[in-house]
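A.B. asks: Please read through the structure below; I'll follow up with questions.
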Amino acid sequence: MLDSCKLKSACSLPLIYNKKINTSGTSNADVPLADPGMYQLDITLRRGQSLAARDRGGTSDPYVKFKIGGKEVFRSKIIYKNLNPVWEEKACILVDHLREPLYVKVFDYDFGLQDDFMGSAFLDLTQLELNRPMDVTLTLKDPHYPDHDLGVILLSVVLTPKEGEHKDVFQTQSLRLSDVHRKSHLWRGIVSITLIEGRDLKAMDSNGLSDPYVKFRLGHQKYKSKIMPKTLNPQWREQFDFHLYEERGGIIDITAWDKDAGKRDDFIGRCQVDLSALSREQTHKLELQLEEGEGHLVLLVTLTASATVSISDLSVNSLEDQKEREEILKRYSPLRIFHNLKDVGFLQVKVIRAEGLMAADVTGKSDPFCVVELNNDRLLTHTVYKNLNPDWNKVFTFNIKDIHSVLEVTVYDEDRDRSADFLGKVAIPLLSIQNGEQKAYVLKNKQLTGPTKGVIYLEIDVIFNAVKASLRTLIPKEQKYIEEENRLSKQLLLRNFIRTKRCVMVLVNAAYYVNSCFDWDSPPRSLAAFVLFLFVVWNFELYMIPLVLLLLLTWNYFLIISGKDNRQRDTVVEDMLEDEEEEDDKDDKDSEKKGFINKIYAIQEVCISVQNILDEVASFGERIKNTFNWTVPFLSWLAIVALCMFTVILYFIPLRYIVLVWGINKFTKKLRCPYAIDNNELLDFLSRVPSDIQVVQYQELKPDPSHSPCKRKKNNLG
């Protein structure tokens with residue numbers, strides 16, 4: 001019934017064909033429904049004509065989406081500032097059956113904002129002739145304004161039946177999720193881009209300057225640089241890594257923007273990097289002229305081969321093969337400290353099964369699949385249809401670039417008519433993993449603040465070089481792909497304010513305590529403080545500062561191992577997160593009712609900035625506290641080693657020599673390494689320490705005793 005309704009609505013929209021379809025001839029209208037993978041639809045997206053203007057300058061930045069059965073199967077590149085764009089892009093789509101029309105939607109790309117709708121059309125697949133190339137012209141319409149002329153899209157299509165031998169190849173995977181939608185196929189290499197600087201950029205502000213930032217895009221992967229205020233010659237020194245999926249390379253779209261508070265950001269210019277023209281295993285310095293604008297961007301681009309990830313069945317297990325295990329252990333042995341510092345370790349994740357999942361479909365079942373993510377590495381299992389207790393039995397392997405990364409495992413329900421439904425998620429810091437132990441992890445909600453229905457059984461192994469991991473701690477963390485823009489949330493703003501207030505109150509209370517000593521509120525305490533003050537000031541040496549911090553860390557360590565742990569579970573933060581989750585659910589429902597224009601106001605951006613600043617300040621204080629509280633023992637031990645070194649250095653070496661070496665290094669750094677990325681080792685270290693919010697999110701919930709893996713194993717043996 002649902003499919004026939006869709007077919008009817010598809011035919012109601014205008015379709016104009018350059019080559020007329022002979023409906024009385026070889027039509028597919030009466031073809032019996034086929035098994036999944038029966039047809040292959042080859043589409044060439046040619047061009048658009050007379051598209052609608054959606055930007056202030058009377059132009060648009062159009063791109064096209066193809067959907068079948070509610071699933072996105074193709075997305076074109078963006079053509080900037082053009083109402084007659086030429087794409088000439090090809091897509092190969094496997095079609096379950098011909099009842100589902102091809103839904104074509106055109107959007108105007110707006111960075112940082114919701115993309116504007118430019119029109120849509122349907123292509124009725126039952127009207128295509130098999131094995132015959134056809135040119136198709138689709139007239140774009142807006143269902144809300146059917147009288148508006150929104151232009152046309154020109155396609156070339158060929159529909160061919162798939163033979164039986166080809167069909168079997170795809171039966172173990174979900175055909176309803178295309179490779180484009182999955183974003184998870186194995187990549188063939190890594191593209192490392194270092195954004196060095198901009199030169200003579202176009203002035204977009206009234207003061208003759210700009211606040212430039214740069215956006216990169218390769219397929220679905222997107223990055224945004226930091227904003228450099230009031231300059232036409234910005235110095236970024238930022239690095240980004242992309243996954244390269246195609247053997248022949250790809251094209252990286254680069255756009256430069258001027259940040260404007262309270263209104264849309266101004267477009268400065270664009271350029272592209274054709275990766276197929278660059279040689280592998282070599283760093284290329286590129287000076288790119290900005291098109292449709294002024295100035296240049298200076299980049300360093302390096303293409304390297306990659307074998308960092310793999311997917312296999314449970315029977316194919318790297319660590320159970322003794323020879324392969326020895327190779328991996330040798331690769332990360334202490335003797336190979338300086339061999340490829342970026343390769344810190346090896347991670348193997350066995351996704352075994354899940355039990356008691358939420359029923360997401362009206363039939364009381366779900367079609368679950370599992371997504372495994374480590375930073376920007378994203379892989380997934382096949383879909384198990386109509387099952388609340390799926391068995392996946394898949395093994396995923398990753399190379400670890402940062403031992404402080406968090407493994408995220410998310411379970412979704414595949415849905416034919418809309419995007420995948422969330423079923424549950426777990427976040428597991430790599431340093432908390434116990435090797436070789438099969439565990440039942442209780443699935444959490446999207447915010448990772450409380451349980452949802454179901455458990456997932458995982459067995460995880462981590463092998464890493466501790467020295468490499470320590471050195472990598474002192475360099476910037478890998479950035480995540482751009483996902484959702486920060487939005488204003490009353491509850492989130494309140495939460496960050498309370499967190500910041502708690503950090504500030506620690507300093508205020510300390511100041512009150514010191515002041516009470518000066519006022520002699522407690523004579524014994526004031527007398528002891530006075531004697532201590534005289535002793536410390538008279539005998540003070542600079543090395544005593546790291547020594548005191550070292551003693552504090554040591555004191556807390558002995559408190560913990562002696563069972564006198566003074567760390568308390570932060571119920572205040574948990575309550576705030578639960579409140580925020582409730583508000584997010586309300587926002588999701590309300591946002592559908594609000595118009596797009598009503599969401600845009602200047603004050604919102606200011607509030608979001610305040611919200612983020614409060615979060616950074618609160619997180620900074622919490623990370624310092626959690627370092628001394630031994631929340632992550634590896635980092636606390638690393639801090640002890642560093643403080644011991646600083647104490648010894650300050651004790652034996654005069655301060656003037658230390659300052660001299662530091663100053664010489666700073667002044668000559670750009671001369672020695674012109675393209676070095678600026679960083680602060682202390683801040684990079686603290687960025688690896690979890691804040692109180694992250695501590696709550698990473699807490700492992702206790703599973704129901706009935707979901708014990710040990711019991712399951714015994715049952716299997718019987």
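Ordered as shown in the structure tokens, chains take letters A, B, and onward, while each chain numbers its residues from 1 and ligands are numbered from 1 in the order shown.
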What are the DSSP strand (DSSP E) residues of region 248-400 of chain A, as a PyMOL selection string?
C.D. replies: chain A and resi 251-258+266-274+283-289+296-305+309-313+345-355+368-374+377-380+391-400
A.B. asks: Using only C-alpha atoms, what does the table of region 647-704 of chain A residues within 6 Å of region 539-549 of chain A look like, with each row giving the shortest atom pair and its distance in Å to one decimal, sorted by chain and ascending number, as a tab-separated table?
C.D. replies:
residue	atom	partner	partner_atom	distance
A:Thr647	CA	A:Tyr543	CA	4.9
A:Leu650	CA	A:Tyr543	CA	4.8
A:Tyr651	CA	A:Tyr543	CA	5.5
A.B. asks: Using only C-alpha atoms, which of A:Asp678, A:Tyr412, A:Thr304, A:Phe464 sits nearest Arg280 (chain A)?
C.D. replies: A:Thr304
A.B. asks: When you count only C-alpha atoms, which of these residues is closest to Lys386 (chain A): A:Ser609, A:Ser405, A:Ser366, A:Asn82?
C.D. replies: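 Of A:Ser609, A:Ser405, A:Ser366, A:Asn82, the one nearest Lys386 (chain A) is A:Ser366, counting only C-alpha atoms.
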A.B. asks: Show me, as a PyMOL selection string, the residues that have an atom within 12 Å of Thr194 (chain A) when counting only C-alpha atoms, minus same-chain residues fewer than 3 positions from it.
C.D. replies: chain A and resi 191+197+214+216+223+225+235-242+283-286+297-303+675-678
A.B. asks: What is the CA of Tyr512 (chain A)-CA of Leu559 (chain A) distance in Å, reported with one decimal?
C.D. replies: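 Separating CA of Tyr512 (chain A) from CA of Leu559 (chain A) is a distance of 26.2 Å.
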A.B. asks: Quick one: residues within 10 Å of Ala359 (chain A), only C-alpha atoms, excluding same-chain residues fewer than 5 positions away - as a PyMOL selection string?
C.D. replies: chain A and resi 364-368+386-388+413+423+453
A.B. asks: Once you have the residues from the selection above, write them out as a short mmCIF file (atom, residue, chain, number, x, y, z; two decimals), in the first residue's frame, restricted to C-alpha atoms.
C.D. replies:
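Now in selection.cif:
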data_model
loop_
_atom_site.label_atom_id
_atom_site.label_comp_id
_atom_site.auth_asym_id
_atom_site.auth_seq_id
_atom_site.Cartn_x
_atom_site.Cartn_y
_atom_site.Cartn_z
CA GLY A 364 7.67 -5.17 17.15
CA LYS A 365 11.07 -5.96 15.63
CA SER A 366 14.14 -4.02 14.45
CA ASP A 367 16.66 -4.30 11.62
CA PRO A 368 19.83 -3.61 13.64
CA LYS A 386 13.67 -8.47 11.98
CA ASN A 387 15.66 -9.40 15.06
CA LEU A 388 16.01 -7.97 18.58
CA ASP A 413 17.78 0.29 13.13
CA LEU A 423 18.88 2.15 19.29
CA LYS A 453 17.11 -0.94 26.18
#
A.B. asks: Rank A:Met204, A:Val632, A:Val86, A:Val349 by their smallest atom-to-atom distance to Val371 (chain A), using only C-alpha atoms, and report the top residue only.
C.D. replies: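 Among the listed residues, the smallest separation from Val371 (chain A) belongs to A:Val349.
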A.B. asks: Nearest residue to Phe634 (chain A) out of A:Asp258, A:Leu458, A:Lys564, A:Ala466, using only C-alpha atoms?
C.D. replies: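 Counting only C-alpha atoms, the residue closest to Phe634 (chain A) is A:Ala466.
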A.B. asks: Tell me which protein, DNA and RNA residues are within 10 Å of Ile403 (chain A), counting only C-alpha atoms, leaving out same-chain ones fewer than 3 positions away, and put them as a PyMOL selection string.
C.D. replies: chain A and resi 344-347+400+406+429-431+462-466+468-470+472-473+634+688
